[in-house]
Structures are given as C-alpha cells and as structure tokens.
Amino acid sequence: VDLVESGGGLVQAGGSLRLSCTGTGNMAGLDTFAWYRQAPGQERELVARVTTQGDRTYADVVKGRFTITPDFPRQSATLEMSSLKAEDTAAYYCYARVNFPMERGYWGQGTQVTVSS
C-alpha cells in the first residue's frame, strides 16, 4: 500500500490550496484518514482527521479554515485549506489506518506547503 499526495506548493497569505491523497493497493478495513504537518524543527502534529463513522477532528489553529473530505470507497481524501497563514508553512503528510486483519497505519511521502507573508 502506498499513499500518493499532491497539491502542495507556494501560495500567498490569505490564499487557498487543496491537497489530495490516494491510496494504492488493497486497503480493506480502511477506517480513518488524517493529515499531519511538520514544520522545520518542530514535531509532527495532527491537522485534521476523519473516520468512516463521520467523526471529524481539527487542530484548533485550523478550525474554520481547513476541511477534510474523505472518499473511502476510492481510498482517497482531500484537505481544502483557505485563509492560509505563514504559520501554516510545513510539510503535510497524509495518514490512513486500516483495521483488518489488524490495525495498521500508512504514511504518504509528504507534500510541501509554503505560505508567503
């Protein structure tokens, strides 16, 4: 299984970007998609998460600005980001979890988002 991300880039503050993540291979039991980010010198942090039950979680700093949308049958998810700020600059990583036959998590390779102020 691989997670392929796309959509990162350079954008001015106040602008928008859309990140996409698609899983290849058999992801039977897929039940969670999430986006994390990591800025230089900082720990990786959760940005947004969605489950097959419809539960969504957002980091406080992105609430109201970012939206995670899954398409579990297509093994994909997007992260719509608006009103971007310089502090949103980071490498963004897609994460997916499957729960069958055992719980296992997968990571994408990361895509860079740079917001200029």
# chains A, B, ... in the order shown; residues from 1 in each chain; ligands from 1
call {"tool": "residues_around", "arguments": {"residues": "Val115 (chain A)", "least_positions_apart": "6", "cutoff": "8 Å", "atoms": "only C-alpha atoms", "output": "MDAnalysis selection string"}}
result
chainID A and resid 10:13 84:89
call {"tool": "select_by_dssp", "arguments": {"residues": "chain A", "states": "strand (DSSP E or B)", "output": "PyMOL selection string"}}
result
chain A and resi 2-6+9-12+17-24+30-38+45-51+56-58+66-71+76-81+90-98+104-108+111-116
call {"tool": "atom_distance", "arguments": {"atom1": "CA of Arg97 (chain A)", "atom2": "CA of Ala28 (chain A)"}}
result
10.0 Å
call {"tool": "residues_around", "arguments": {"residues": "region 35-46 of chain A", "least_positions_apart": "6", "cutoff": "10 Å", "atoms": "only C-alpha atoms", "output": "list in words"}}
result
Leu19, Cys21, Thr57, Tyr58, Ala59, Ile68, Ala77, Thr78, Leu79, Glu87, Asp88, Thr89, Ala90, Ala91, Tyr92, Tyr93, Cys94, Tyr95, Ala96, Trp107, Gly108, Gly110, Thr111, Gln112 and Val113 of chain A
call {"tool": "closest_residue", "arguments": {"among": "A:Gly64, A:Gly29, A:Gly105, A:Gly54", "to": "Leu3 (chain A)", "atoms": "only C-alpha atoms"}}
result
A:Gly105
call {"tool": "closest_residue", "arguments": {"among": "A:Phe100, A:Tyr106, A:Ser83, A:Ser20", "to": "Asp71 (chain A)", "atoms": "only C-alpha atoms"}}
result
A:Ser20
call {"tool": "atom_distance", "arguments": {"atom1": "CA of Val1 (chain A)", "atom2": "CA of Ala48 (chain A)"}}
result
21.4 Å
call {"tool": "atom_distance", "arguments": {"atom1": "CA of Val4 (chain A)", "atom2": "CA of Gly25 (chain A)"}}
result
11.2 Å
call {"tool": "residues_around", "arguments": {"residues": "Arg56 (chain A)", "least_positions_apart": "3", "cutoff": "12 Å", "atoms": "only C-alpha atoms", "output": "JSON, numbers by chain"}}
result
{"A": [32, 33, 34, 35, 46, 47, 48, 49, 50, 51, 52, 53, 59, 63, 66, 67, 68, 69, 70]}
call {"tool": "write_last_selection", "arguments": {"atoms": "N, CA and C atoms", "output": "tab-separated table (two decimals), in the first residue's frame"}}
result
chain	number	residue	atom	x	y	z
A	32	THR	N	-9.90	5.30	8.68
A	32	THR	CA	-9.50	6.65	9.08
A	32	THR	C	-8.56	7.26	8.05
A	33	PHE	N	-8.79	8.52	7.75
A	33	PHE	CA	-7.84	9.35	7.02
A	33	PHE	C	-7.49	10.53	7.90
A	34	ALA	N	-6.25	10.97	7.79
A	34	ALA	CA	-5.83	12.14	8.54
A	34	ALA	C	-4.74	12.87	7.77
A	35	TRP	N	-4.60	14.15	8.09
A	35	TRP	CA	-3.49	14.95	7.60
A	35	TRP	C	-2.71	15.46	8.81
A	46	LEU	N	-1.09	16.76	14.35
A	46	LEU	CA	-2.33	16.46	13.67
A	46	LEU	C	-2.98	17.74	13.19
A	47	VAL	N	-3.42	17.73	11.94
A	47	VAL	CA	-4.15	18.87	11.37
A	47	VAL	C	-5.64	18.56	11.32
A	48	ALA	N	-5.98	17.39	10.76
A	48	ALA	CA	-7.39	17.02	10.61
A	48	ALA	C	-7.49	15.51	10.48
A	49	ARG	N	-8.62	14.96	10.94
A	49	ARG	CA	-8.83	13.52	10.89
A	49	ARG	C	-10.31	13.26	10.67
A	50	VAL	N	-10.61	12.21	9.90
A	50	VAL	CA	-12.00	11.82	9.67
A	50	VAL	C	-12.08	10.31	9.67
A	51	THR	N	-13.16	9.78	10.22
A	51	THR	CA	-13.37	8.35	10.28
A	51	THR	C	-14.56	7.94	9.42
A	52	THR	N	-14.68	6.63	9.22
A	52	THR	CA	-15.83	6.12	8.46
A	52	THR	C	-17.14	6.37	9.20
A	53	GLN	N	-17.06	6.64	10.50
A	53	GLN	CA	-18.26	6.97	11.28
A	53	GLN	C	-18.66	8.42	11.10
A	59	ALA	N	-7.33	20.46	14.35
A	59	ALA	CA	-6.50	21.24	15.26
A	59	ALA	C	-7.14	22.60	15.45
A	63	LYS	N	-9.25	25.26	12.61
A	63	LYS	CA	-10.71	25.19	12.60
A	63	LYS	C	-11.30	26.39	11.88
A	66	PHE	N	-9.75	24.96	7.40
A	66	PHE	CA	-9.41	23.73	6.69
A	66	PHE	C	-10.60	22.78	6.75
A	67	THR	N	-10.75	21.98	5.69
A	67	THR	CA	-11.80	20.97	5.64
A	67	THR	C	-11.25	19.68	5.07
A	68	ILE	N	-11.43	18.59	5.81
A	68	ILE	CA	-11.02	17.27	5.32
A	68	ILE	C	-12.25	16.57	4.77
A	69	THR	N	-12.10	16.00	3.57
A	69	THR	CA	-13.20	15.31	2.91
A	69	THR	C	-12.72	13.95	2.44
A	70	PRO	N	-13.30	12.88	2.94
A	70	PRO	CA	-12.88	11.55	2.51
A	70	PRO	C	-13.75	10.99	1.40
